[in-house]
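Next up, model_27.pdb (PDB, N, CA and C atoms, pLDDT in the B column):
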```
MODEL        1
ATOM      1  N   MET A  19       6.642 -14.889   4.032  1.00 93.00           N
ATOM      2  CA  MET A  19       6.737 -16.306   4.278  1.00 93.00           C
ATOM      3  C   MET A  19       5.391 -16.996   4.007  1.00 93.00           C
ATOM      4  N   LEU A  20       4.321 -16.289   4.371  1.00 94.00           N
ATOM      5  CA  LEU A  20       2.993 -16.854   4.139  1.00 94.00           C
ATOM      6  C   LEU A  20       2.710 -16.980   2.641  1.00 94.00           C
ATOM      7  N   LYS A  21       3.145 -15.975   1.870  1.00 90.00           N
ATOM      8  CA  LYS A  21       2.931 -16.049   0.413  1.00 90.00           C
ATOM      9  C   LYS A  21       3.680 -17.225  -0.194  1.00 90.00           C
ATOM     10  N   LEU A  22       4.887 -17.463   0.298  1.00 92.00           N
ATOM     11  CA  LEU A  22       5.658 -18.592  -0.205  1.00 92.00           C
ATOM     12  C   LEU A  22       4.980 -19.911   0.133  1.00 92.00           C
ATOM     13  N   ALA A  23       4.502 -20.045   1.355  1.00 94.00           N
ATOM     14  CA  ALA A  23       3.807 -21.271   1.754  1.00 94.00           C
ATOM     15  C   ALA A  23       2.541 -21.476   0.925  1.00 94.00           C
ATOM     16  N   LEU A  24       1.802 -20.400   0.691  1.00 93.00           N
ATOM     17  CA  LEU A  24       0.598 -20.496  -0.128  1.00 93.00           C
ATOM     18  C   LEU A  24       0.945 -20.891  -1.556  1.00 93.00           C
ATOM     19  N   TRP A  25       2.019 -20.308  -2.095  1.00 89.00           N
ATOM     20  CA  TRP A  25       2.418 -20.649  -3.459  1.00 89.00           C
ATOM     21  C   TRP A  25       2.862 -22.108  -3.538  1.00 89.00           C
ATOM     22  N   LEU A  26       3.573 -22.579  -2.530  1.00 93.00           N
ATOM     23  CA  LEU A  26       3.996 -23.983  -2.527  1.00 93.00           C
ATOM     24  C   LEU A  26       2.787 -24.926  -2.440  1.00 93.00           C
ATOM     25  N   LEU A  27       1.775 -24.525  -1.683  1.00 94.00           N
ATOM     26  CA  LEU A  27       0.554 -25.323  -1.609  1.00 94.00           C
ATOM     27  C   LEU A  27      -0.132 -25.386  -2.973  1.00 94.00           C
ATOM     28  N   VAL A  28      -0.219 -24.257  -3.643  1.00 91.00           N
ATOM     29  CA  VAL A  28      -0.820 -24.228  -4.979  1.00 91.00           C
ATOM     30  C   VAL A  28       0.035 -25.027  -5.956  1.00 91.00           C
ATOM     31  N   LEU A  29       1.345 -24.977  -5.788  1.00 91.00           N
ATOM     32  CA  LEU A  29       2.242 -25.750  -6.650  1.00 91.00           C
ATOM     33  C   LEU A  29       1.975 -27.245  -6.517  1.00 91.00           C
ATOM     34  N   VAL A  30       1.754 -27.698  -5.299  1.00 94.00           N
ATOM     35  CA  VAL A  30       1.482 -29.120  -5.082  1.00 94.00           C
ATOM     36  C   VAL A  30       0.111 -29.504  -5.622  1.00 94.00           C
ATOM     37  N   VAL A  31      -0.886 -28.640  -5.399  1.00 93.00           N
ATOM     38  CA  VAL A  31      -2.251 -28.976  -5.800  1.00 93.00           C
ATOM     39  C   VAL A  31      -2.444 -28.832  -7.307  1.00 93.00           C
ATOM     40  N   CYS A  32      -1.996 -27.716  -7.856  1.00 92.00           N
ATOM     41  CA  CYS A  32      -2.222 -27.458  -9.282  1.00 92.00           C
ATOM     42  C   CYS A  32      -1.025 -26.673  -9.829  1.00 92.00           C
ATOM     43  N   TRP A  33      -0.021 -27.368 -10.310  1.00 90.00           N
ATOM     44  CA  TRP A  33       1.222 -26.704 -10.683  1.00 90.00           C
ATOM     45  C   TRP A  33       1.099 -25.747 -11.860  1.00 90.00           C
ATOM     46  N   PRO A  34       0.209 -25.934 -12.851  1.00 92.00           N
ATOM     47  CA  PRO A  34       0.135 -24.933 -13.924  1.00 92.00           C
ATOM     48  C   PRO A  34      -0.336 -23.562 -13.420  1.00 92.00           C
ATOM     49  N   VAL A  35      -1.269 -23.567 -12.473  1.00 91.00           N
ATOM     50  CA  VAL A  35      -1.737 -22.299 -11.913  1.00 91.00           C
ATOM     51  C   VAL A  35      -0.618 -21.622 -11.140  1.00 91.00           C
ATOM     52  N   ALA A  36       0.178 -22.402 -10.410  1.00 90.00           N
ATOM     53  CA  ALA A  36       1.287 -21.840  -9.644  1.00 90.00           C
ATOM     54  C   ALA A  36       2.338 -21.224 -10.569  1.00 90.00           C
ATOM     55  N   ILE A  37       2.654 -21.878 -11.653  1.00 92.00           N
ATOM     56  CA  ILE A  37       3.631 -21.341 -12.611  1.00 92.00           C
ATOM     57  C   ILE A  37       3.078 -20.084 -13.269  1.00 92.00           C
ATOM     58  N   LEU A  38       1.791 -20.091 -13.629  1.00 93.00           N
ATOM     59  CA  LEU A  38       1.166 -18.901 -14.211  1.00 93.00           C
ATOM     60  C   LEU A  38       1.194 -17.734 -13.232  1.00 93.00           C
ATOM     61  N   ALA A  39       0.900 -18.004 -11.969  1.00 90.00           N
ATOM     62  CA  ALA A  39       0.941 -16.950 -10.952  1.00 90.00           C
ATOM     63  C   ALA A  39       2.351 -16.407 -10.791  1.00 90.00           C
ATOM     64  N   LEU A  40       3.326 -17.281 -10.847  1.00 90.00           N
ATOM     65  CA  LEU A  40       4.723 -16.863 -10.725  1.00 90.00           C
ATOM     66  C   LEU A  40       5.133 -15.972 -11.891  1.00 90.00           C
ATOM     67  N   LEU A  41       4.635 -16.259 -13.085  1.00 93.00           N
ATOM     68  CA  LEU A  41       4.980 -15.458 -14.254  1.00 93.00           C
ATOM     69  C   LEU A  41       4.210 -14.139 -14.313  1.00 93.00           C
ATOM     70  N   LEU A  42       2.970 -14.128 -13.819  1.00 94.00           N
ATOM     71  CA  LEU A  42       2.145 -12.929 -13.900  1.00 94.00           C
ATOM     72  C   LEU A  42       2.365 -11.959 -12.735  1.00 94.00           C
ATOM     73  N   TYR A  43       3.004 -12.402 -11.648  1.00 92.00           N
ATOM     74  CA  TYR A  43       3.192 -11.541 -10.475  1.00 92.00           C
ATOM     75  C   TYR A  43       3.931 -10.234 -10.808  1.00 92.00           C
ATOM     76  N   PRO A  44       5.040 -10.256 -11.565  1.00 94.00           N
ATOM     77  CA  PRO A  44       5.709  -8.985 -11.893  1.00 94.00           C
ATOM     78  C   PRO A  44       4.848  -8.059 -12.766  1.00 94.00           C
ATOM     79  N   VAL A  45       4.059  -8.630 -13.642  1.00 96.00           N
ATOM     80  CA  VAL A  45       3.195  -7.819 -14.506  1.00 96.00           C
ATOM     81  C   VAL A  45       2.118  -7.130 -13.669  1.00 96.00           C
ATOM     82  N   VAL A  46       1.506  -7.866 -12.763  1.00 95.00           N
ATOM     83  CA  VAL A  46       0.475  -7.293 -11.890  1.00 95.00           C
ATOM     84  C   VAL A  46       1.088  -6.213 -11.009  1.00 95.00           C
ATOM     85  N   TRP A  47       2.297  -6.448 -10.501  1.00 95.00           N
ATOM     86  CA  TRP A  47       2.977  -5.461  -9.666  1.00 95.00           C
ATOM     87  C   TRP A  47       3.221  -4.169 -10.451  1.00 95.00           C
ATOM     88  N   LEU A  48       3.640  -4.278 -11.702  1.00 96.00           N
ATOM     89  CA  LEU A  48       3.871  -3.092 -12.527  1.00 96.00           C
ATOM     90  C   LEU A  48       2.577  -2.348 -12.841  1.00 96.00           C
ATOM     91  N   VAL A  49       1.496  -3.077 -13.038  1.00 96.00           N
ATOM     92  CA  VAL A  49       0.215  -2.438 -13.328  1.00 96.00           C
ATOM     93  C   VAL A  49      -0.290  -1.683 -12.092  1.00 96.00           C
ATOM     94  N   LEU A  50      -0.094  -2.230 -10.897  1.00 96.00           N
ATOM     95  CA  LEU A  50      -0.587  -1.611  -9.672  1.00 96.00           C
ATOM     96  C   LEU A  50       0.312  -0.498  -9.142  1.00 96.00           C
ATOM     97  N   LEU A  51       1.522  -0.364  -9.659  1.00 96.00           N
ATOM     98  CA  LEU A  51       2.464   0.648  -9.180  1.00 96.00           C
ATOM     99  C   LEU A  51       1.944   2.082  -9.292  1.00 96.00           C
ATOM    100  N   PRO A  52       1.314   2.490 -10.395  1.00 96.00           N
ATOM    101  CA  PRO A  52       0.788   3.868 -10.446  1.00 96.00           C
ATOM    102  C   PRO A  52      -0.266   4.144  -9.380  1.00 96.00           C
ATOM    103  N   PHE A  53      -1.069   3.144  -9.030  1.00 97.00           N
ATOM    104  CA  PHE A  53      -2.074   3.346  -7.990  1.00 97.00           C
ATOM    105  C   PHE A  53      -1.420   3.573  -6.634  1.00 97.00           C
ATOM    106  N   ARG A  54      -0.296   2.920  -6.378  1.00 96.00           N
ATOM    107  CA  ARG A  54       0.427   3.149  -5.126  1.00 96.00           C
ATOM    108  C   ARG A  54       0.989   4.564  -5.090  1.00 96.00           C
ATOM    109  N   VAL A  55       1.522   5.031  -6.204  1.00 96.00           N
ATOM    110  CA  VAL A  55       2.063   6.388  -6.260  1.00 96.00           C
ATOM    111  C   VAL A  55       0.954   7.412  -6.027  1.00 96.00           C
ATOM    112  N   VAL A  56      -0.194   7.207  -6.637  1.00 97.00           N
ATOM    113  CA  VAL A  56      -1.333   8.111  -6.435  1.00 97.00           C
ATOM    114  C   VAL A  56      -1.780   8.070  -4.981  1.00 97.00           C
ATOM    115  N   GLY A  57      -1.796   6.901  -4.375  1.00 96.00           N
ATOM    116  CA  GLY A  57      -2.170   6.774  -2.971  1.00 96.00           C
ATOM    117  C   GLY A  57      -1.229   7.537  -2.061  1.00 96.00           C
ATOM    118  N   ILE A  58       0.067   7.487  -2.334  1.00 97.00           N
ATOM    119  CA  ILE A  58       1.041   8.227  -1.537  1.00 97.00           C
ATOM    120  C   ILE A  58       0.827   9.724  -1.699  1.00 97.00           C
ATOM    121  N   ALA A  59       0.563  10.165  -2.924  1.00 97.00           N
ATOM    122  CA  ALA A  59       0.332  11.592  -3.164  1.00 97.00           C
ATOM    123  C   ALA A  59      -0.938  12.073  -2.468  1.00 97.00           C
ATOM    124  N   VAL A  60      -2.015  11.306  -2.543  1.00 97.00           N
ATOM    125  CA  VAL A  60      -3.269  11.694  -1.894  1.00 97.00           C
ATOM    126  C   VAL A  60      -3.082  11.730  -0.380  1.00 97.00           C
ATOM    127  N   GLU A  61      -2.361  10.778   0.157  1.00 97.00           N
ATOM    128  CA  GLU A  61      -2.098  10.769   1.597  1.00 97.00           C
ATOM    129  C   GLU A  61      -1.312  12.005   2.017  1.00 97.00           C
ATOM    130  N   GLY A  62      -0.357  12.418   1.210  1.00 97.00           N
ATOM    131  CA  GLY A  62       0.401  13.626   1.513  1.00 97.00           C
ATOM    132  C   GLY A  62      -0.456  14.876   1.483  1.00 97.00           C
ATOM    133  N   VAL A  63      -1.328  14.980   0.491  1.00 97.00           N
ATOM    134  CA  VAL A  63      -2.221  16.144   0.391  1.00 97.00           C
ATOM    135  C   VAL A  63      -3.183  16.185   1.575  1.00 97.00           C
ATOM    136  N   LEU A  64      -3.733  15.050   1.960  1.00 97.00           N
ATOM    137  CA  LEU A  64      -4.648  15.015   3.105  1.00 97.00           C
ATOM    138  C   LEU A  64      -3.923  15.366   4.398  1.00 97.00           C
ATOM    139  N   GLU A  65      -2.683  14.939   4.557  1.00 96.00           N
ATOM    140  CA  GLU A  65      -1.906  15.297   5.742  1.00 96.00           C
ATOM    141  C   GLU A  65      -1.620  16.794   5.770  1.00 96.00           C
ATOM    142  N   LEU A  66      -1.358  17.392   4.614  1.00 96.00           N
ATOM    143  CA  LEU A  66      -1.142  18.839   4.538  1.00 96.00           C
ATOM    144  C   LEU A  66      -2.416  19.592   4.917  1.00 96.00           C
ATOM    145  N   LEU A  67      -3.555  19.158   4.403  1.00 96.00           N
ATOM    146  CA  LEU A  67      -4.832  19.797   4.756  1.00 96.00           C
ATOM    147  C   LEU A  67      -5.133  19.663   6.245  1.00 96.00           C
ATOM    148  N   LYS A  68      -4.823  18.514   6.810  1.00 94.00           N
ATOM    149  CA  LYS A  68      -5.026  18.304   8.239  1.00 94.00           C
ATOM    150  C   LYS A  68      -4.130  19.238   9.044  1.00 94.00           C
ATOM    151  N   SER A  69      -2.900  19.404   8.617  1.00 92.00           N
ATOM    152  CA  SER A  69      -1.979  20.309   9.314  1.00 92.00           C
ATOM    153  C   SER A  69      -2.465  21.748   9.228  1.00 92.00           C
ATOM    154  N   LEU A  70      -2.955  22.150   8.065  1.00 93.00           N
ATOM    155  CA  LEU A  70      -3.472  23.510   7.920  1.00 93.00           C
ATOM    156  C   LEU A  70      -4.730  23.723   8.751  1.00 93.00           C
ATOM    157  N   LEU A  71      -5.547  22.690   8.874  1.00 92.00           N
ATOM    158  CA  LEU A  71      -6.767  22.796   9.655  1.00 92.00           C
ATOM    159  C   LEU A  71      -6.468  22.947  11.150  1.00 92.00           C
ATOM    160  N   PHE A  72      -5.465  22.236  11.647  1.00 89.00           N
ATOM    161  CA  PHE A  72      -5.136  22.282  13.068  1.00 89.00           C
ATOM    162  C   PHE A  72      -4.120  23.360  13.421  1.00 89.00           C
ATOM    163  N   LEU A  73      -3.630  24.103  12.432  1.00 87.00           N
ATOM    164  CA  LEU A  73      -2.624  25.132  12.712  1.00 87.00           C
ATOM    165  C   LEU A  73      -3.123  26.212  13.669  1.00 87.00           C
ATOM    166  N   PRO A  74      -4.326  26.760  13.515  1.00 84.00           N
ATOM    167  CA  PRO A  74      -4.757  27.802  14.460  1.00 84.00           C
ATOM    168  C   PRO A  74      -4.797  27.329  15.909  1.00 84.00           C
ATOM    169  N   SER A  75      -5.245  26.124  16.146  1.00 80.00           N
ATOM    170  CA  SER A  75      -5.305  25.643  17.520  1.00 80.00           C
ATOM    171  C   SER A  75      -3.903  25.431  18.092  1.00 80.00           C
ATOM    172  N   ARG A  76      -2.969  25.035  17.270  1.00 79.00           N
ATOM    173  CA  ARG A  76      -1.604  24.847  17.753  1.00 79.00           C
ATOM    174  C   ARG A  76      -0.940  26.198  18.035  1.00 79.00           C
ATOM    175  N   VAL A  77      -1.251  27.203  17.227  1.00 83.00           N
ATOM    176  CA  VAL A  77      -0.679  28.541  17.433  1.00 83.00           C
ATOM    177  C   VAL A  77      -1.251  29.155  18.701  1.00 83.00           C
ATOM    178  N   LEU A  78      -2.541  28.915  18.950  1.00 84.00           N
ATOM    179  CA  LEU A  78      -3.199  29.496  20.120  1.00 84.00           C
ATOM    180  C   LEU A  78      -2.915  28.719  21.416  1.00 84.00           C
ATOM    181  N   GLY A  79      -2.123  27.680  21.341  1.00 79.00           N
ATOM    182  CA  GLY A  79      -1.725  26.977  22.553  1.00 79.00           C
ATOM    183  C   GLY A  79      -2.512  25.723  22.830  1.00 79.00           C
ATOM    184  N   GLY A  80      -2.989  25.079  21.824  1.00 63.00           N
ATOM    185  CA  GLY A  80      -3.692  23.824  22.019  1.00 63.00           C
ATOM    186  C   GLY A  80      -2.747  22.755  22.504  1.00 63.00           C
ATOM    187  N   ARG A  81      -3.315  21.701  23.044  1.00 67.00           N
ATOM    188  CA  ARG A  81      -2.493  20.602  23.551  1.00 67.00           C
ATOM    189  C   ARG A  81      -1.760  19.934  22.379  1.00 67.00           C
ATOM    190  N   PRO A  82      -0.473  19.694  22.533  1.00 65.00           N
ATOM    191  CA  PRO A  82       0.242  18.982  21.468  1.00 65.00           C
ATOM    192  C   PRO A  82      -0.189  17.520  21.424  1.00 65.00           C
ATOM    193  N   ARG A  83      -0.211  16.980  20.236  1.00 66.00           N
ATOM    194  CA  ARG A  83      -0.577  15.580  20.084  1.00 66.00           C
ATOM    195  C   ARG A  83       0.577  14.711  20.511  1.00 66.00           C
ATOM    196  N   ALA A  84       0.256  13.593  21.142  1.00 63.00           N
ATOM    197  CA  ALA A  84       1.304  12.681  21.596  1.00 63.00           C
ATOM    198  C   ALA A  84       1.758  11.788  20.470  1.00 63.00           C
TER     199      ALA A  84
ENDMDL
END
```

Produce structure tokens that represent the structure in this file.
Amino acid sequence: MLKLALWLLVLVVCWPVAILALLLYPVVWLVLLPFRVVGIAVEGVLELLKSLLFLPSRVLGGRPRA
């Protein structure tokens, strides 16, 4: 909702910039998509390493995380 309000404000102030932003938004989203996929993969690998690091303490009876 905030993005829509901001876009409407830009539309009122400077409509060519608002139209350009509206047309370029899908292109920017497609360009940034691979970075999101890489971020998800890196987050998964770090979570796996964290699980492997804490495995001995969990096996030996460490306190479970809440």

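The spacing separating atom CA of Ala39 of chain A from atom CA of Trp25 of chain A amounts to 8.5 Å.
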
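Distances here use only C-alpha atoms; by that measure, the residue among A:Leu78, A:Ala23, A:Leu48, A:Leu64 closest to Ala36 of chain A is A:Ala23.
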
*Using atom CA of Ser69 of chain A and atom CA of Phe53 of chain A as the two end points, give the distance in Å to one decimal.*
24.2 Å

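Distance-wise, atom CA of Val63 of chain A and atom CA of Gly79 of chain A end up 24.7 Å apart.
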